[in-house]
Amino acid sequence: MFERRVGLGVGVIIVFFVMYLVIRDRPFQPSLYQLVRIILSFAIGALVATVPGFLGVTLKGPGVAIRAGGGIAAFVLTYFFSPGTITSLQPPAGQLSMDPLRVIDFRTLAGPGKTEEERRASQMAVTFPVVFRNSVDPAKSVSVEATNIEFSFAGEKYSYHWRDFVKMHEENYGKWLGKEDDAAPFALPAGQIIYKEILHVPKTGEIATWGAFIDTVDRIKPKEIEVRFEASSNSGTIKSVCRAQMEARVKEMEDFISTAKTVPGRITTLCEVL
């Protein structure tokens, strides 16, 4: 009698646990499905062992012969003849999206302590604060693989790719960037939001100095610069185009050069999405 009660109790507990896994409204991974299949077969075997009577199973096949009775027979039946994985219950692919771009930061890669000559000769970096979203839930995680920037200015084409994750206004009262980590692919779970400030540098073999950019801005005094941003992921590539608002920044740059007798180390401005 005691053995039957134990078997019945174990079987009922396991069945209720499996029911919880089903109704919790989260998709089964293949590994979890296989584990639940084994546990549930064990529970059915324990329950059948408490029922009076006899159940016998004989299975024969090429190189295989199984003969079992009672609870073990129930285990064999439920394990080997349970339904397969229902593929429609697998989580759908995630979908990468991003909020409209708001701000763009152009700057020299030379730090604040460098001379004007060193700042002018250094490469120009472009930083975008970006809000990424994986709006599908439940879904698989999205892997953000890379981001790139392109813009044309005064007949020159600038192509940039990500290099660092940074904080634009962390160190030295916003005059320089606080580096968080090297830019690298990252996962975006279902229904989650990730904010990244991403610094981009010229692609291999390209030279775009800060001095050349500043001189061109000072010469042609652009009102806007159209910038194309794209992020690639395992769910595809998303793109956005915005216009860096330069008119007010040009006036500020002229005032700075006139007062400080040196070129600024950065230009941070609004970027209006088209």
# chains A, B, ... in the order shown; residues from 1 in each chain; ligands from 1
>>> residues_around(residues="Ser235 of chain A", least_positions_apart="4", cutoff="9 Å", atoms="only C-alpha atoms", output="ChimeraX atom specification")
/A:93-96,142-144
>>> write_last_selection(atoms="C-alpha atoms", output="JSON list (two decimals), in the first residue's frame")
[["chain", "number", "residue", "atom", "x", "y", "z"],
["A", 93, "ALA", "CA", 12.61, 34.70, -35.38],
["A", 94, "GLY", "CA", 13.25, 37.99, -33.63],
["A", 95, "GLN", "CA", 12.90, 41.28, -35.48],
["A", 96, "LEU", "CA", 15.44, 44.06, -35.04],
["A", 142, "VAL", "CA", 18.45, 38.89, -32.34],
["A", 143, "SER", "CA", 22.21, 39.17, -32.78],
["A", 144, "VAL", "CA", 23.31, 42.68, -33.79]]
>>> residues_around(residues="segment 207-224 of chain A", least_positions_apart="2", cutoff="10 Å", atoms="only C-alpha atoms", output="PyMOL selection string")
chain A and resi 106-110+116-125+153-154+156-160+201-205+226-227+242-251+253-254+263-267+271-272
>>> write_last_selection(atoms="N, CA and C atoms", output="compact mmCIF listing (two decimals), in the first residue's frame")
# COMPACT_ATOMS: atom_id res chain seq x y z
N PHE A 106 30.46 64.35 -34.38
CA PHE A 106 31.70 64.30 -35.16
C PHE A 106 32.83 64.76 -34.24
N ARG A 107 33.97 64.06 -34.26
CA ARG A 107 35.08 64.50 -33.42
C ARG A 107 36.40 63.89 -33.87
N THR A 108 37.48 64.52 -33.41
CA THR A 108 38.81 63.97 -33.63
C THR A 108 39.05 62.83 -32.66
N LEU A 109 39.86 61.86 -33.08
CA LEU A 109 40.21 60.76 -32.19
C LEU A 109 41.34 61.14 -31.23
N ALA A 110 41.95 62.30 -31.45
CA ALA A 110 43.00 62.77 -30.54
C ALA A 110 42.35 63.36 -29.29
N GLU A 116 46.94 71.19 -31.31
CA GLU A 116 46.04 71.40 -32.44
C GLU A 116 46.51 70.62 -33.67
N GLU A 117 47.81 70.59 -33.89
CA GLU A 117 48.34 69.85 -35.04
C GLU A 117 48.00 68.37 -34.94
N GLU A 118 48.11 67.81 -33.74
CA GLU A 118 47.79 66.39 -33.55
C GLU A 118 46.30 66.14 -33.71
N ARG A 119 45.48 67.06 -33.23
CA ARG A 119 44.03 66.89 -33.38
C ARG A 119 43.63 66.96 -34.85
N ARG A 120 44.22 67.88 -35.58
CA ARG A 120 43.87 68.03 -36.99
C ARG A 120 44.33 66.82 -37.81
N ALA A 121 45.47 66.24 -37.45
CA ALA A 121 46.01 65.11 -38.22
C ALA A 121 45.34 63.79 -37.87
N SER A 122 44.61 63.76 -36.76
CA SER A 122 43.98 62.51 -36.33
C SER A 122 42.75 62.20 -37.19
N GLN A 123 42.39 60.92 -37.21
CA GLN A 123 41.19 60.52 -37.93
C GLN A 123 39.94 61.10 -37.26
N MET A 124 38.91 61.27 -38.06
CA MET A 124 37.64 61.74 -37.53
C MET A 124 36.76 60.55 -37.19
N ALA A 125 36.13 60.60 -36.03
CA ALA A 125 35.19 59.56 -35.60
C ALA A 125 33.78 60.13 -35.63
N PHE A 153 30.16 64.52 -48.54
CA PHE A 153 30.33 65.90 -48.10
C PHE A 153 31.39 66.56 -48.95
N ALA A 154 31.01 67.63 -49.63
CA ALA A 154 31.94 68.39 -50.48
C ALA A 154 32.63 67.50 -51.50
N GLU A 156 33.32 64.39 -51.33
CA GLU A 156 34.02 63.25 -50.75
C GLU A 156 33.01 62.30 -50.11
N LYS A 157 33.26 60.99 -50.27
CA LYS A 157 32.41 59.99 -49.66
C LYS A 157 33.10 59.42 -48.43
N TYR A 158 32.40 59.42 -47.31
CA TYR A 158 32.93 58.92 -46.05
C TYR A 158 32.22 57.62 -45.70
N SER A 159 33.00 56.57 -45.43
CA SER A 159 32.44 55.27 -45.04
C SER A 159 33.05 54.85 -43.70
N TYR A 160 32.19 54.57 -42.74
CA TYR A 160 32.64 54.27 -41.39
C TYR A 160 32.03 52.96 -40.90
N VAL A 201 34.67 54.56 -36.97
CA VAL A 201 35.91 55.09 -37.55
C VAL A 201 35.95 54.74 -39.03
N PRO A 202 36.80 55.43 -39.80
CA PRO A 202 36.89 55.12 -41.24
C PRO A 202 37.24 53.65 -41.47
N LYS A 203 36.68 53.10 -42.53
CA LYS A 203 36.97 51.72 -42.87
C LYS A 203 38.42 51.58 -43.31
N THR A 204 38.92 50.35 -43.29
CA THR A 204 40.32 50.07 -43.59
C THR A 204 40.74 50.69 -44.92
N GLY A 205 41.87 51.37 -44.90
CA GLY A 205 42.40 51.95 -46.12
C GLY A 205 41.92 53.36 -46.41
N GLU A 226 23.66 64.94 -44.95
CA GLU A 226 22.82 63.74 -44.95
C GLU A 226 23.66 62.51 -44.61
N VAL A 227 23.25 61.79 -43.58
CA VAL A 227 24.01 60.64 -43.08
C VAL A 227 23.15 59.39 -43.15
N CYS A 242 19.33 60.36 -41.80
CA CYS A 242 19.02 61.59 -41.09
C CYS A 242 19.91 62.72 -41.60
N ARG A 243 19.52 63.94 -41.30
CA ARG A 243 20.28 65.11 -41.72
C ARG A 243 20.85 65.82 -40.51
N ALA A 244 22.18 65.83 -40.43
CA ALA A 244 22.85 66.53 -39.34
C ALA A 244 22.66 68.04 -39.52
N GLN A 245 22.10 68.68 -38.50
CA GLN A 245 21.81 70.11 -38.57
C GLN A 245 23.09 70.91 -38.25
N MET A 246 23.69 71.49 -39.28
CA MET A 246 25.02 72.09 -39.15
C MET A 246 25.02 73.62 -39.07
N GLU A 247 23.94 74.26 -39.44
CA GLU A 247 23.96 75.72 -39.57
C GLU A 247 24.36 76.41 -38.26
N ALA A 248 23.69 76.05 -37.16
CA ALA A 248 24.02 76.67 -35.88
C ALA A 248 25.40 76.25 -35.39
N ARG A 249 25.78 75.00 -35.70
CA ARG A 249 27.09 74.51 -35.25
C ARG A 249 28.23 75.24 -35.98
N VAL A 250 28.02 75.60 -37.24
CA VAL A 250 29.05 76.33 -37.99
C VAL A 250 29.31 77.68 -37.33
N LYS A 251 28.24 78.37 -36.93
CA LYS A 251 28.40 79.66 -36.26
C LYS A 251 29.14 79.49 -34.93
N MET A 253 31.23 77.13 -34.21
CA MET A 253 32.62 76.77 -34.51
C MET A 253 33.43 78.02 -34.86
N GLU A 254 32.85 78.91 -35.63
CA GLU A 254 33.55 80.15 -35.98
C GLU A 254 33.84 80.98 -34.74
N VAL A 263 41.13 74.96 -33.30
CA VAL A 263 39.92 74.30 -33.82
C VAL A 263 39.25 73.50 -32.70
N PRO A 264 37.94 73.35 -32.74
CA PRO A 264 37.26 72.53 -31.73
C PRO A 264 37.59 71.05 -31.93
N GLY A 265 37.40 70.28 -30.87
CA GLY A 265 37.68 68.85 -30.95
C GLY A 265 36.48 68.02 -31.34
N ARG A 266 35.30 68.64 -31.37
CA ARG A 266 34.10 67.89 -31.73
C ARG A 266 33.00 68.83 -32.19
N ILE A 267 32.04 68.27 -32.91
CA ILE A 267 30.80 68.96 -33.28
C ILE A 267 29.66 67.99 -33.00
N CYS A 271 20.20 65.38 -35.40
CA CYS A 271 20.12 64.73 -36.70
C CYS A 271 18.66 64.39 -36.96
N GLU A 272 18.05 65.07 -37.91
CA GLU A 272 16.63 64.90 -38.19
C GLU A 272 16.41 63.75 -39.16
>>> closest_residue(among="A:Lys196, A:Lys261, A:Lys179, A:His161", to="Pro129 of chain A", atoms="only C-alpha atoms")
A:Lys196
>>> closest_residue(among="A:Ser141, A:Ser135, A:Thr237, A:Ser258", to="Pro91 of chain A", atoms="only C-alpha atoms")
A:Ser141
>>> atom_distance(atom1="atom CA of Ala183 of chain A", atom2="atom CA of Arg163 of chain A")
5.0 Å
>>> atom_distance(atom1="atom CA of Asp137 of chain A", atom2="atom CA of Tyr195 of chain A")
18.6 Å
>>> closest_residue(among="A:Asn234, A:Thr259, A:Asn148, A:Thr115", to="Leu199 of chain A", atoms="only C-alpha atoms")
A:Asn148
>>> atom_distance(atom1="atom CA of Asp181 of chain A", atom2="atom CA of Val273 of chain A")
27.4 Å
>>> select_by_dssp(residues="segment 88-178 of chain A", states="strand (DSSP E)", output="PyMOL selection string")
chain A and resi 96-98+103-108+124-134+142-153+156-171+176-178
>>> write_last_selection(atoms="C-alpha atoms", output="PDB file, in the first residue's frame")
ATOM      1  CA  LEU A  96      15.442  44.062 -35.040  1.00  0.00           C
ATOM      2  CA  SER A  97      14.236  47.663 -35.108  1.00  0.00           C
ATOM      3  CA  MET A  98      15.528  50.956 -33.770  1.00  0.00           C
ATOM      4  CA  VAL A 103      21.961  63.103 -32.254  1.00  0.00           C
ATOM      5  CA  ILE A 104      25.222  62.742 -34.158  1.00  0.00           C
ATOM      6  CA  ASP A 105      28.717  63.508 -32.896  1.00  0.00           C
ATOM      7  CA  PHE A 106      31.696  64.296 -35.159  1.00  0.00           C
ATOM      8  CA  ARG A 107      35.081  64.502 -33.420  1.00  0.00           C
ATOM      9  CA  THR A 108      38.809  63.967 -33.633  1.00  0.00           C
ATOM     10  CA  MET A 124      37.640  61.744 -37.535  1.00  0.00           C
ATOM     11  CA  ALA A 125      35.193  59.565 -35.597  1.00  0.00           C
ATOM     12  CA  VAL A 126      31.404  59.614 -35.845  1.00  0.00           C
ATOM     13  CA  THR A 127      29.223  58.546 -32.919  1.00  0.00           C
ATOM     14  CA  PHE A 128      25.501  57.768 -32.869  1.00  0.00           C
ATOM     15  CA  PRO A 129      23.397  57.029 -29.774  1.00  0.00           C
ATOM     16  CA  VAL A 130      21.043  54.231 -30.876  1.00  0.00           C
ATOM     17  CA  VAL A 131      18.087  52.490 -29.223  1.00  0.00           C
ATOM     18  CA  PHE A 132      17.739  48.920 -30.534  1.00  0.00           C
ATOM     19  CA  ARG A 133      14.568  46.871 -30.044  1.00  0.00           C
ATOM     20  CA  ASN A 134      13.538  43.254 -30.495  1.00  0.00           C
ATOM     21  CA  VAL A 142      18.447  38.889 -32.339  1.00  0.00           C
ATOM     22  CA  SER A 143      22.208  39.175 -32.779  1.00  0.00           C
ATOM     23  CA  VAL A 144      23.311  42.676 -33.795  1.00  0.00           C
ATOM     24  CA  GLU A 145      26.402  42.023 -35.907  1.00  0.00           C
ATOM     25  CA  ALA A 146      27.687  45.477 -36.942  1.00  0.00           C
ATOM     26  CA  THR A 147      26.759  49.081 -37.692  1.00  0.00           C
ATOM     27  CA  ASN A 148      27.991  51.282 -40.531  1.00  0.00           C
ATOM     28  CA  ILE A 149      27.733  54.942 -41.496  1.00  0.00           C
ATOM     29  CA  GLU A 150      28.054  56.634 -44.877  1.00  0.00           C
ATOM     30  CA  PHE A 151      27.765  60.262 -45.934  1.00  0.00           C
ATOM     31  CA  SER A 152      28.936  62.457 -48.782  1.00  0.00           C
ATOM     32  CA  PHE A 153      30.327  65.897 -48.101  1.00  0.00           C
ATOM     33  CA  GLU A 156      34.017  63.250 -50.748  1.00  0.00           C
ATOM     34  CA  LYS A 157      32.406  59.986 -49.655  1.00  0.00           C
ATOM     35  CA  TYR A 158      32.930  58.919 -46.051  1.00  0.00           C
ATOM     36  CA  SER A 159      32.443  55.266 -45.040  1.00  0.00           C
ATOM     37  CA  TYR A 160      32.636  54.274 -41.386  1.00  0.00           C
ATOM     38  CA  HIS A 161      32.206  51.097 -39.346  1.00  0.00           C
ATOM     39  CA  TRP A 162      31.794  50.568 -35.614  1.00  0.00           C
ATOM     40  CA  ARG A 163      34.794  50.349 -33.306  1.00  0.00           C
ATOM     41  CA  ASP A 164      33.799  51.176 -29.709  1.00  0.00           C
ATOM     42  CA  PHE A 165      30.822  51.332 -27.385  1.00  0.00           C
ATOM     43  CA  VAL A 166      31.185  54.645 -25.545  1.00  0.00           C
ATOM     44  CA  LYS A 167      29.566  57.181 -23.250  1.00  0.00           C
ATOM     45  CA  MET A 168      29.450  60.517 -25.046  1.00  0.00           C
ATOM     46  CA  HIS A 169      29.109  62.671 -21.930  1.00  0.00           C
ATOM     47  CA  GLU A 170      30.880  60.765 -19.199  1.00  0.00           C
ATOM     48  CA  GLU A 171      34.414  62.106 -18.940  1.00  0.00           C
ATOM     49  CA  TRP A 176      35.687  63.496 -24.453  1.00  0.00           C
ATOM     50  CA  LEU A 177      34.311  59.996 -24.744  1.00  0.00           C
ATOM     51  CA  GLY A 178      34.231  57.391 -22.014  1.00  0.00           C
TER      52      GLY A 178
END
>>> select_by_dssp(residues="segment 74-170 of chain A", states="helix (DSSP H, G or I)", output="list in words")
Ala74, Phe75, Val76, Leu77, Thr78, Tyr79, Phe80, Thr87, Ser88, Leu89, Glu116, Glu117, Glu118, Arg119, Arg120 and Ala121 of chain A
>>> write_last_selection(atoms="N, CA and C atoms", output="CSV table (one decimal), in the first residue's frame")
chain,number,residue,atom,x,y,z
A,74,ALA,N,4.4,0.8,-19.4
A,74,ALA,CA,3.8,2.1,-19.7
A,74,ALA,C,4.9,3.1,-20.0
A,75,PHE,N,6.1,3.0,-19.4
A,75,PHE,CA,7.2,3.9,-19.7
A,75,PHE,C,7.6,3.7,-21.2
A,76,VAL,N,7.7,2.5,-21.6
A,76,VAL,CA,8.2,2.2,-22.9
A,76,VAL,C,7.2,2.7,-23.9
A,77,LEU,N,5.9,2.5,-23.7
A,77,LEU,CA,4.8,3.0,-24.6
A,77,LEU,C,4.8,4.5,-24.7
A,78,THR,N,4.9,5.2,-23.6
A,78,THR,CA,4.8,6.7,-23.7
A,78,THR,C,6.1,7.3,-24.2
A,79,TYR,N,7.2,6.7,-24.0
A,79,TYR,CA,8.5,7.3,-24.5
A,79,TYR,C,8.6,7.0,-26.0
A,80,PHE,N,8.4,5.8,-26.4
A,80,PHE,CA,8.7,5.5,-27.8
A,80,PHE,C,7.6,5.9,-28.8
A,87,THR,N,6.6,21.8,-34.6
A,87,THR,CA,7.4,22.8,-35.0
A,87,THR,C,6.8,24.2,-34.9
A,88,SER,N,5.5,24.3,-35.0
A,88,SER,CA,4.8,25.6,-34.9
A,88,SER,C,4.9,26.2,-33.6
A,89,LEU,N,5.2,25.4,-32.5
A,89,LEU,CA,5.4,25.9,-31.2
A,89,LEU,C,6.8,26.5,-30.9
A,116,GLU,N,46.9,71.2,-31.3
A,116,GLU,CA,46.0,71.4,-32.4
A,116,GLU,C,46.5,70.6,-33.7
A,117,GLU,N,47.8,70.6,-33.9
A,117,GLU,CA,48.3,69.9,-35.0
A,117,GLU,C,48.0,68.4,-34.9
A,118,GLU,N,48.1,67.8,-33.7
A,118,GLU,CA,47.8,66.4,-33.5
A,118,GLU,C,46.3,66.1,-33.7
A,119,ARG,N,45.5,67.1,-33.2
A,119,ARG,CA,44.0,66.9,-33.4
A,119,ARG,C,43.6,67.0,-34.8
A,120,ARG,N,44.2,67.9,-35.6
A,120,ARG,CA,43.9,68.0,-37.0
A,120,ARG,C,44.3,66.8,-37.8
A,121,ALA,N,45.5,66.2,-37.5
A,121,ALA,CA,46.0,65.1,-38.2
A,121,ALA,C,45.3,63.8,-37.9
